[in-house]
$ cat upload-v1.json   # JSON, C-alpha atoms
[["chain", "number", "residue", "atom", "x", "y", "z"],
["W", 21, "MET", "CA", 134.41, 115.23, 124.30],
["W", 22, "ARG", "CA", 134.22, 113.59, 120.88],
["W", 23, "LYS", "CA", 135.27, 115.77, 117.99],
["W", 24, "ASN", "CA", 132.75, 116.34, 115.21],
["W", 25, "SER", "CA", 134.29, 116.03, 111.74],
["W", 26, "GLY", "CA", 131.56, 117.89, 109.90],
["W", 27, "THR", "CA", 127.95, 118.38, 109.03],
["W", 28, "THR", "CA", 127.33, 114.68, 108.43],
["W", 29, "ASP", "CA", 128.54, 113.77, 111.90],
["W", 30, "ALA", "CA", 126.41, 116.54, 113.42],
["W", 31, "LEU", "CA", 123.32, 115.27, 111.64],
["W", 32, "ALA", "CA", 124.11, 111.71, 112.71],
["W", 33, "ASP", "CA", 124.35, 112.86, 116.32],
["W", 34, "PHE", "CA", 121.04, 114.68, 115.92],
["W", 35, "GLN", "CA", 119.52, 111.50, 114.53],
["W", 36, "LYS", "CA", 120.56, 109.62, 117.66],
["W", 37, "GLU", "CA", 118.94, 112.27, 119.83],
["W", 38, "LEU", "CA", 115.70, 111.97, 117.87],
["W", 39, "ILE", "CA", 115.66, 108.23, 118.50],
["W", 40, "LYS", "CA", 115.49, 109.01, 122.21],
["W", 41, "ALA", "CA", 112.20, 110.77, 121.45],
["W", 42, "ASN", "CA", 110.92, 107.68, 119.60],
["W", 43, "ILE", "CA", 111.55, 109.27, 116.20],
["W", 44, "ARG", "CA", 113.31, 106.76, 114.00],
["W", 45, "VAL", "CA", 114.59, 107.61, 110.57],
["W", 46, "THR", "CA", 116.64, 105.39, 108.31],
["W", 47, "ASP", "CA", 118.29, 108.06, 106.23],
["W", 48, "ILE", "CA", 119.77, 111.47, 107.00],
["W", 49, "SER", "CA", 117.59, 113.00, 104.28],
["W", 50, "GLU", "CA", 114.50, 112.16, 106.36],
["W", 51, "LEU", "CA", 115.60, 114.29, 109.31],
["W", 52, "PRO", "CA", 113.97, 117.57, 108.23],
["W", 53, "SER", "CA", 110.61, 115.90, 107.67],
["W", 54, "ALA", "CA", 110.83, 113.88, 110.91],
["W", 55, "THR", "CA", 111.77, 116.97, 112.91],
["W", 56, "GLY", "CA", 108.88, 118.90, 111.41],
["W", 57, "LYS", "CA", 106.42, 116.17, 112.35],
["W", 58, "TRP", "CA", 107.85, 116.05, 115.86],
["W", 59, "LEU", "CA", 107.44, 119.80, 116.32],
["W", 60, "LEU", "CA", 103.90, 119.61, 114.95],
["W", 61, "SER", "CA", 103.05, 116.82, 117.41],
["W", 62, "ILE", "CA", 104.37, 118.99, 120.27],
["W", 63, "LEU", "CA", 102.15, 121.88, 119.20],
["W", 64, "GLN", "CA", 99.11, 119.62, 118.85],
["W", 65, "ALA", "CA", 99.74, 118.05, 122.25],
["W", 66, "ASN", "CA", 100.13, 121.46, 123.87],
["W", 67, "ALA", "CA", 96.87, 122.59, 122.29],
["W", 68, "GLY", "CA", 95.23, 119.62, 123.99],
["W", 69, "GLY", "CA", 96.67, 120.50, 127.39],
["W", 70, "ARG", "CA", 99.54, 117.97, 127.27],
["W", 71, "ASP", "CA", 103.28, 118.42, 127.06],
["W", 72, "ILE", "CA", 105.26, 115.76, 125.20],
["W", 73, "LEU", "CA", 108.58, 117.00, 126.54],
["W", 74, "VAL", "CA", 107.55, 117.34, 130.20],
["W", 75, "ASP", "CA", 104.97, 114.55, 130.53],
["W", 76, "GLY", "CA", 107.06, 111.96, 128.71],
["W", 77, "ILE", "CA", 104.42, 111.26, 126.05],
["W", 78, "SER", "CA", 105.88, 109.26, 123.19],
["W", 79, "PHE", "CA", 105.73, 110.78, 119.75],
["W", 80, "GLN", "CA", 103.37, 108.69, 117.60],
["W", 81, "PRO", "CA", 103.86, 109.17, 113.86],
["W", 82, "LYS", "CA", 100.68, 109.33, 111.79],
["W", 83, "PHE", "CA", 100.45, 107.89, 108.34],
["W", 84, "ASP", "CA", 99.60, 111.05, 106.45],
["W", 85, "ILE", "CA", 102.10, 109.52, 104.01],
["W", 86, "PHE", "CA", 99.25, 107.32, 102.80],
["W", 87, "GLU", "CA", 98.61, 110.01, 100.22],
["W", 88, "ASN", "CA", 102.20, 110.29, 99.04],
["W", 89, "LEU", "CA", 103.51, 106.74, 98.70],
["W", 90, "PRO", "CA", 102.37, 103.65, 96.77],
["W", 91, "LEU", "CA", 100.46, 101.62, 99.36],
["W", 92, "ALA", "CA", 101.08, 98.39, 97.48],
["W", 93, "SER", "CA", 104.67, 98.65, 98.74],
["W", 94, "GLY", "CA", 103.44, 98.46, 102.34],
["W", 95, "ARG", "CA", 104.45, 95.35, 104.22],
["W", 96, "ILE", "CA", 104.60, 93.89, 107.71],
["W", 97, "ASN", "CA", 108.01, 92.53, 108.59],
["W", 98, "ASN", "CA", 110.07, 92.00, 111.75],
["W", 99, "GLY", "CA", 107.39, 93.44, 114.01],
["W", 100, "LYS", "CA", 106.97, 96.67, 112.04],
["W", 101, "LEU", "CA", 104.59, 98.11, 109.48],
["W", 102, "HIS", "CA", 106.75, 99.49, 106.67],
["W", 103, "LEU", "CA", 105.69, 102.07, 104.10],
["W", 104, "GLY", "CA", 108.45, 103.34, 101.87],
["W", 105, "ARG", "CA", 111.32, 104.22, 104.20],
["W", 106, "SER", "CA", 109.02, 104.86, 107.16],
["W", 107, "SER", "CA", 108.00, 102.25, 109.73],
["W", 108, "VAL", "CA", 106.10, 101.97, 113.00],
["W", 109, "PRO", "CA", 105.83, 99.08, 115.49],
["W", 110, "TRP", "CA", 103.29, 96.40, 114.57],
["W", 111, "LYS", "CA", 102.46, 94.07, 117.45],
["W", 112, "ALA", "CA", 102.11, 90.33, 116.98],
["W", 113, "TYR", "CA", 98.50, 89.16, 116.84],
["W", 114, "PRO", "CA", 97.13, 87.72, 120.10],
["W", 115, "ILE", "CA", 96.85, 83.96, 120.61],
["W", 116, "PRO", "CA", 93.37, 82.70, 121.52],
["W", 117, "PRO", "CA", 93.20, 82.06, 125.28],
["W", 118, "ASP", "CA", 92.36, 78.53, 126.43],
["W", 119, "LYS", "CA", 89.20, 79.88, 128.03],
["W", 120, "PRO", "CA", 87.27, 82.05, 125.55],
["W", 121, "ASP", "CA", 86.91, 85.72, 126.43],
["W", 122, "ASP", "CA", 83.15, 86.19, 126.85],
["W", 123, "HIS", "CA", 83.41, 89.93, 126.21],
["W", 124, "LEU", "CA", 84.99, 89.38, 122.80],
["W", 125, "GLU", "CA", 83.88, 85.91, 121.78],
["W", 126, "LYS", "CA", 80.55, 84.92, 123.27],
["W", 127, "THR", "CA", 78.31, 85.98, 120.37],
["W", 128, "TYR", "CA", 80.27, 84.52, 117.45],
["W", 129, "LEU", "CA", 81.11, 81.32, 119.37],
["W", 130, "THR", "CA", 77.46, 80.82, 120.28],
["W", 131, "GLN", "CA", 76.58, 81.11, 116.59],
["W", 132, "MET", "CA", 79.38, 78.76, 115.59],
["W", 133, "GLN", "CA", 78.26, 76.21, 118.17],
["W", 134, "ALA", "CA", 74.73, 76.48, 116.80],
["W", 135, "ALA", "CA", 76.10, 75.84, 113.31],
["W", 136, "TYR", "CA", 77.86, 72.66, 114.44],
["W", 137, "ALA", "CA", 74.76, 71.56, 116.36],
["W", 138, "ASP", "CA", 72.67, 72.08, 113.24],
["W", 139, "HIS", "CA", 75.13, 70.03, 111.20],
["W", 140, "LEU", "CA", 75.65, 67.22, 113.72],
["W", 141, "HIS", "CA", 72.07, 67.08, 115.00],
["W", 142, "LYS", "CA", 73.19, 67.22, 118.63],
["W", 143, "PRO", "CA", 73.59, 69.97, 121.27],
["W", 144, "ILE", "CA", 76.93, 71.79, 121.17],
["W", 145, "ASN", "CA", 77.62, 74.22, 124.01],
["W", 146, "CYS", "CA", 81.42, 74.32, 123.95],
["W", 147, "SER", "CA", 84.35, 72.83, 122.05],
["W", 148, "ASP", "CA", 84.39, 69.80, 124.36],
["W", 149, "ASP", "CA", 81.02, 68.76, 122.93],
["W", 150, "LEU", "CA", 82.47, 68.48, 119.43],
["W", 151, "PRO", "CA", 83.78, 65.23, 117.96],
["W", 152, "GLN", "CA", 87.56, 65.16, 117.56],
["W", 153, "THR", "CA", 87.27, 65.57, 113.79],
["W", 154, "CYS", "CA", 85.62, 69.00, 114.20],
["W", 155, "ARG", "CA", 87.83, 70.49, 116.89],
["W", 156, "PRO", "CA", 90.73, 71.62, 114.65],
["W", 157, "GLU", "CA", 88.33, 73.61, 112.45],
["W", 158, "TYR", "CA", 86.67, 75.16, 115.51],
["W", 159, "ALA", "CA", 90.06, 76.16, 116.96],
["W", 160, "LYS", "CA", 91.14, 77.60, 113.61],
["W", 161, "GLN", "CA", 88.09, 79.87, 113.53],
["W", 162, "ARG", "CA", 89.12, 81.32, 116.88],
["W", 163, "GLU", "CA", 92.59, 81.99, 115.46],
["W", 164, "TYR", "CA", 91.03, 83.80, 112.52],
["W", 165, "PHE", "CA", 89.00, 85.95, 114.90],
["W", 166, "TYR", "CA", 92.09, 86.94, 116.88],
["W", 167, "ASP", "CA", 94.00, 87.69, 113.67],
["W", 168, "ALA", "CA", 91.31, 90.23, 112.82],
["W", 169, "GLU", "CA", 91.26, 91.51, 116.41],
["W", 170, "GLY", "CA", 95.04, 91.94, 116.36],
["W", 171, "MET", "CA", 94.78, 93.91, 113.13],
["W", 172, "ARG", "CA", 92.07, 96.10, 114.66],
["W", 173, "ARG", "CA", 94.18, 96.88, 117.72],
["W", 174, "ASN", "CA", 97.25, 97.75, 115.67],
["W", 175, "LEU", "CA", 95.31, 100.01, 113.32],
["W", 176, "ARG", "CA", 93.73, 101.74, 116.31],
["W", 177, "ASP", "CA", 97.13, 102.37, 117.91],
["W", 178, "VAL", "CA", 99.18, 103.20, 114.81],
["W", 179, "ILE", "CA", 97.01, 104.97, 112.26],
["W", 180, "GLU", "CA", 94.95, 108.09, 112.77],
["W", 181, "ASN", "CA", 91.27, 107.11, 112.43],
["W", 182, "GLY", "CA", 92.40, 103.48, 112.37],
["W", 183, "GLU", "CA", 89.22, 102.26, 114.07],
["W", 184, "GLN", "CA", 87.08, 103.94, 111.42],
["W", 185, "GLU", "CA", 89.20, 102.50, 108.62],
["W", 186, "PHE", "CA", 88.81, 99.05, 110.17],
["W", 187, "ASP", "CA", 85.03, 99.47, 110.36],
["W", 188, "ALA", "CA", 85.04, 100.49, 106.69],
["W", 189, "LEU", "CA", 86.74, 97.18, 105.87],
["W", 190, "LYS", "CA", 84.03, 95.26, 107.71],
["W", 191, "VAL", "CA", 81.27, 97.08, 105.85],
["W", 192, "ASP", "CA", 82.96, 96.45, 102.51],
["W", 193, "LEU", "CA", 83.37, 92.75, 103.30],
["W", 194, "TYR", "CA", 79.76, 92.47, 104.44],
["W", 195, "ASP", "CA", 78.56, 93.88, 101.14],
["W", 196, "GLY", "CA", 80.62, 91.24, 99.34],
["W", 197, "ILE", "CA", 79.43, 88.21, 101.31],
["W", 198, "CYS", "CA", 75.91, 88.98, 102.58],
["W", 199, "ASP", "CA", 74.22, 87.33, 99.59],
["W", 200, "THR", "CA", 76.29, 84.18, 100.07],
["W", 201, "CYS", "CA", 75.33, 84.04, 103.73],
["W", 202, "ALA", "CA", 71.65, 84.60, 102.91],
["W", 203, "SER", "CA", 71.49, 81.71, 100.44],
["W", 204, "ASP", "CA", 69.82, 78.38, 101.27],
["W", 205, "TYR", "CA", 71.94, 75.63, 102.84],
["W", 206, "ALA", "CA", 71.23, 72.27, 104.37],
["W", 207, "ASP", "CA", 72.59, 73.50, 107.72],
["W", 208, "GLY", "CA", 74.32, 76.38, 109.44],
["W", 209, "LEU", "CA", 77.81, 74.93, 109.24],
["W", 210, "LEU", "CA", 77.61, 74.72, 105.46],
["W", 211, "ARG", "CA", 76.43, 78.35, 105.44],
["W", 212, "MET", "CA", 79.39, 79.38, 107.59],
["W", 213, "ARG", "CA", 81.90, 77.52, 105.45],
["W", 214, "ALA", "CA", 80.52, 78.93, 102.21],
["W", 215, "THR", "CA", 80.53, 82.48, 103.58],
["W", 216, "LEU", "CA", 84.08, 82.22, 104.90],
["W", 217, "SER", "CA", 85.25, 80.82, 101.58],
["W", 218, "GLN", "CA", 83.64, 83.74, 99.74],
["W", 219, "ALA", "CA", 85.23, 86.19, 102.17],
["W", 220, "ALA", "CA", 88.72, 84.73, 101.74],
["W", 221, "GLY", "CA", 88.73, 85.53, 98.03],
["W", 222, "PHE", "CA", 86.81, 88.80, 98.12],
["W", 223, "PRO", "CA", 88.94, 91.78, 96.94],
["W", 224, "LEU", "CA", 88.42, 94.43, 99.62],
["W", 225, "SER", "CA", 88.58, 98.05, 98.51],
["W", 226, "GLY", "CA", 86.55, 99.98, 101.09],
["W", 227, "SER", "CA", 89.57, 101.45, 102.88],
["W", 228, "VAL", "CA", 93.12, 102.52, 102.05],
["W", 229, "ILE", "CA", 94.22, 99.76, 104.41],
["W", 230, "ALA", "CA", 93.00, 97.19, 101.91],
["W", 231, "GLN", "CA", 95.94, 98.07, 99.69],
["W", 232, "PHE", "CA", 98.41, 96.46, 102.08],
["W", 233, "PRO", "CA", 98.67, 92.94, 100.60],
["W", 234, "SER", "CA", 100.48, 91.51, 103.62],
["W", 235, "MET", "CA", 98.03, 92.95, 106.16],
["W", 236, "ILE", "CA", 94.66, 91.60, 105.04],
["W", 237, "LYS", "CA", 95.06, 87.99, 104.05],
["W", 238, "ALA", "CA", 92.45, 85.23, 103.93],
["W", 239, "ALA", "CA", 92.83, 84.66, 107.69],
["W", 240, "GLU", "CA", 92.00, 88.25, 108.59],
["W", 241, "LYS", "CA", 89.03, 88.28, 106.20],
["W", 242, "LYS", "CA", 87.62, 85.13, 107.81],
["W", 243, "GLY", "CA", 88.15, 86.73, 111.21],
["W", 244, "LEU", "CA", 86.22, 89.78, 110.03],
["W", 245, "CYS", "CA", 83.28, 87.45, 109.27],
["W", 246, "HIS", "CA", 83.18, 86.38, 112.92],
["W", 247, "MET", "CA", 83.30, 90.03, 113.93],
["W", 248, "LEU", "CA", 80.31, 90.67, 111.67],
["W", 249, "VAL", "CA", 78.53, 87.89, 113.57],
["W", 250, "ASN", "CA", 79.44, 89.71, 116.79],
["W", 251, "ASP", "CA", 77.86, 92.82, 115.26],
["W", 252, "HIS", "CA", 74.69, 90.80, 114.48],
["W", 253, "MET", "CA", 75.14, 91.48, 110.78],
["W", 254, "LEU", "CA", 75.67, 87.81, 109.89],
["W", 255, "GLU", "CA", 74.05, 84.66, 111.29],
["W", 256, "TRP", "CA", 74.92, 81.03, 110.60],
["W", 257, "VAL", "CA", 71.72, 79.74, 112.17],
["W", 258, "HIS", "CA", 68.55, 81.80, 112.31],
["W", 259, "GLU", "CA", 66.41, 81.68, 115.42],
["W", 260, "ASN", "CA", 63.43, 80.28, 113.53],
["W", 261, "GLU", "CA", 65.43, 77.45, 111.96]]
$ encode --input "upload-v1.json" --output "structure tokens"
Amino acid sequence: MRKNSGTTDALADFQKELIKANIRVTDISELPSATGKWLLSILQANAGGRDILVDGISFQPKFDIFENLPLASGRINNGKLHLGRSSVPWKAYPIPPDKPDDHLEKTYLTQMQAAYADHLHKPINCSDDLPQTCRPEYAKQREYFYDAEGMRRNLRDVIENGEQEFDALKVDLYDGICDTCASDYADGLLRMRATLSQAAGFPLSGSVIAQFPSMIKAAEKKGLCHMLVNDHMLEWVHENE
């Protein structure tokens, strides 16, 4: 049995035990707060008919610390979302599958194909119908969409009310770009490009999440535009055009 030299060693041992419960702290001074949150999560789980200790449910920290720390210091690094000295796992964004996912992509891809068809004056039903010069741009738009989708999934899994905060971002972005999208253009592709360009530089402020400079970059904002197309809030080509 290893001898314990003092309080510091005892706390360090306790810290190791907490890690087994998926509670990670980087400094001994964080232990009281982390333990309190863990106990609170046990009580909340029990109130909902679950038992973290018996059922093996992982403790999921919630970012109530949004209100106590400068959000501008938030960053995504090494697969984690960091805020002050706290961090939670942040999964890598998904890569677009070779075959588009109809459930996620059909609506915005149909609109994007219509935009290219309007611009090229020829039917476009899939990426194979595009000339080689247009395919990199088309593929990049799918990457933007999955960047936004990856952000949505992480917020849903990591932050309490993350889905609602994500929706608030979309609404804020829509308000900033709807006039650009509604303007007159020679074709739908020019409308799409102008709207995406406006979105990339639009300073979002509709959610606390917007204050993470490394989370919502131009790529995610462009991806949000395609999600707004999925929501039928934006159109590149109108049915009567």
$ atom_distance --input "upload-v1.json" --atom1 "atom CA of Lys237 of chain W" --atom2 "atom CA of Phe186 of chain W"
14.1 Å
$ residues_around --input "upload-v1.json" --residues "Gly99 of chain W" --least-positions-apart "3" --cutoff "9 Å" --atoms "all atoms listed in the file" --output "PyMOL selection string"
chain W and resi 96+108-112
$ residues_around --input "upload-v1.json" --residues "segment 156-169 of chain W" --least-positions-apart "6" --cutoff "10 Å" --atoms "all atoms listed in the file" --output "ChimeraX atom specification"
/W:112-117,120,124-125,128-129,132-133,136,146-147,150,175,186,216,235-247
$ write_last_selection --input "upload-v1.json" --atoms "C-alpha atoms" --output "CSV table (one decimal), in the coordinates of the input"
chain,number,residue,atom,x,y,z
W,112,ALA,CA,102.1,90.3,117.0
W,113,TYR,CA,98.5,89.2,116.8
W,114,PRO,CA,97.1,87.7,120.1
W,115,ILE,CA,96.8,84.0,120.6
W,116,PRO,CA,93.4,82.7,121.5
W,117,PRO,CA,93.2,82.1,125.3
W,120,PRO,CA,87.3,82.0,125.6
W,124,LEU,CA,85.0,89.4,122.8
W,125,GLU,CA,83.9,85.9,121.8
W,128,TYR,CA,80.3,84.5,117.4
W,129,LEU,CA,81.1,81.3,119.4
W,132,MET,CA,79.4,78.8,115.6
W,133,GLN,CA,78.3,76.2,118.2
W,136,TYR,CA,77.9,72.7,114.4
W,146,CYS,CA,81.4,74.3,124.0
W,147,SER,CA,84.4,72.8,122.0
W,150,LEU,CA,82.5,68.5,119.4
W,175,LEU,CA,95.3,100.0,113.3
W,186,PHE,CA,88.8,99.0,110.2
W,216,LEU,CA,84.1,82.2,104.9
W,235,MET,CA,98.0,93.0,106.2
W,236,ILE,CA,94.7,91.6,105.0
W,237,LYS,CA,95.1,88.0,104.0
W,238,ALA,CA,92.4,85.2,103.9
W,239,ALA,CA,92.8,84.7,107.7
W,240,GLU,CA,92.0,88.2,108.6
W,241,LYS,CA,89.0,88.3,106.2
W,242,LYS,CA,87.6,85.1,107.8
W,243,GLY,CA,88.2,86.7,111.2
W,244,LEU,CA,86.2,89.8,110.0
W,245,CYS,CA,83.3,87.4,109.3
W,246,HIS,CA,83.2,86.4,112.9
W,247,MET,CA,83.3,90.0,113.9
$ residues_around --input "upload-v1.json" --residues "Ser225 of chain W" --least-positions-apart "4" --cutoff "10 Å" --atoms "all atoms listed in the file" --output "number ranges by chain"
W: 188-189, 192-193, 229-231
$ write_last_selection --input "upload-v1.json" --atoms "C-alpha atoms" --output "mmCIF file, in the frame of the given file"
data_model
loop_
_atom_site.group_PDB
_atom_site.id
_atom_site.type_symbol
_atom_site.label_atom_id
_atom_site.label_comp_id
_atom_site.auth_asym_id
_atom_site.auth_seq_id
_atom_site.Cartn_x
_atom_site.Cartn_y
_atom_site.Cartn_z
ATOM 1 C CA ALA W 188 85.040 100.490 106.690
ATOM 2 C CA LEU W 189 86.740 97.180 105.870
ATOM 3 C CA ASP W 192 82.960 96.450 102.510
ATOM 4 C CA LEU W 193 83.370 92.750 103.300
ATOM 5 C CA ILE W 229 94.220 99.760 104.410
ATOM 6 C CA ALA W 230 93.000 97.190 101.910
ATOM 7 C CA GLN W 231 95.940 98.070 99.690
#
$ closest_residue --input "upload-v1.json" --among "W:Arg172, W:Cys201, W:Pro151, W:Val257" --to "Ala135 of chain W" --atoms "only C-alpha atoms"
W:Val257
$ residues_near_point --input "upload-v1.json" --point "(68.2, 73.6, 110.0)" --cutoff "12 Å" --atoms "all atoms listed in the file" --output "PDB file with C-alpha atoms, keeping the file's coordinate frame"
ATOM      1  CA  ALA W 134      74.730  76.480 116.800  1.00  0.00           C
ATOM      2  CA  ALA W 135      76.100  75.840 113.310  1.00  0.00           C
ATOM      3  CA  TYR W 136      77.860  72.660 114.440  1.00  0.00           C
ATOM      4  CA  ALA W 137      74.760  71.560 116.360  1.00  0.00           C
ATOM      5  CA  ASP W 138      72.670  72.080 113.240  1.00  0.00           C
ATOM      6  CA  HIS W 139      75.130  70.030 111.200  1.00  0.00           C
ATOM      7  CA  LEU W 140      75.650  67.220 113.720  1.00  0.00           C
ATOM      8  CA  HIS W 141      72.070  67.080 115.000  1.00  0.00           C
ATOM      9  CA  LYS W 142      73.190  67.220 118.630  1.00  0.00           C
ATOM     10  CA  ASP W 204      69.820  78.380 101.270  1.00  0.00           C
ATOM     11  CA  TYR W 205      71.940  75.630 102.840  1.00  0.00           C
ATOM     12  CA  ALA W 206      71.230  72.270 104.370  1.00  0.00           C
ATOM     13  CA  ASP W 207      72.590  73.500 107.720  1.00  0.00           C
ATOM     14  CA  GLY W 208      74.320  76.380 109.440  1.00  0.00           C
ATOM     15  CA  LEU W 209      77.810  74.930 109.240  1.00  0.00           C
ATOM     16  CA  LEU W 210      77.610  74.720 105.460  1.00  0.00           C
ATOM     17  CA  ARG W 211      76.430  78.350 105.440  1.00  0.00           C
ATOM     18  CA  TRP W 256      74.920  81.030 110.600  1.00  0.00           C
ATOM     19  CA  VAL W 257      71.720  79.740 112.170  1.00  0.00           C
ATOM     20  CA  HIS W 258      68.550  81.800 112.310  1.00  0.00           C
ATOM     21  CA  GLU W 259      66.410  81.680 115.420  1.00  0.00           C
ATOM     22  CA  ASN W 260      63.430  80.280 113.530  1.00  0.00           C
ATOM     23  CA  GLU W 261      65.430  77.450 111.960  1.00  0.00           C
TER      24      GLU W 261
END
$ atom_distance --input "upload-v1.json" --atom1 "atom CA of Lys100 of chain W" --atom2 "atom CA of Asp177 of chain W"
12.8 Å
$ closest_residue --input "upload-v1.json" --among "W:Asp187, W:Asp199, W:Glu255, W:Glu180" --to "Met212 of chain W" --atoms "all atoms listed in the file"
W:Glu255
$ residues_around --input "upload-v1.json" --residues "Phe222 of chain W" --least-positions-apart "2" --cutoff "9 Å" --atoms "all atoms listed in the file" --output "MDAnalysis selection string"
chainID W and resid 193 196:197 217:220 224 238 241
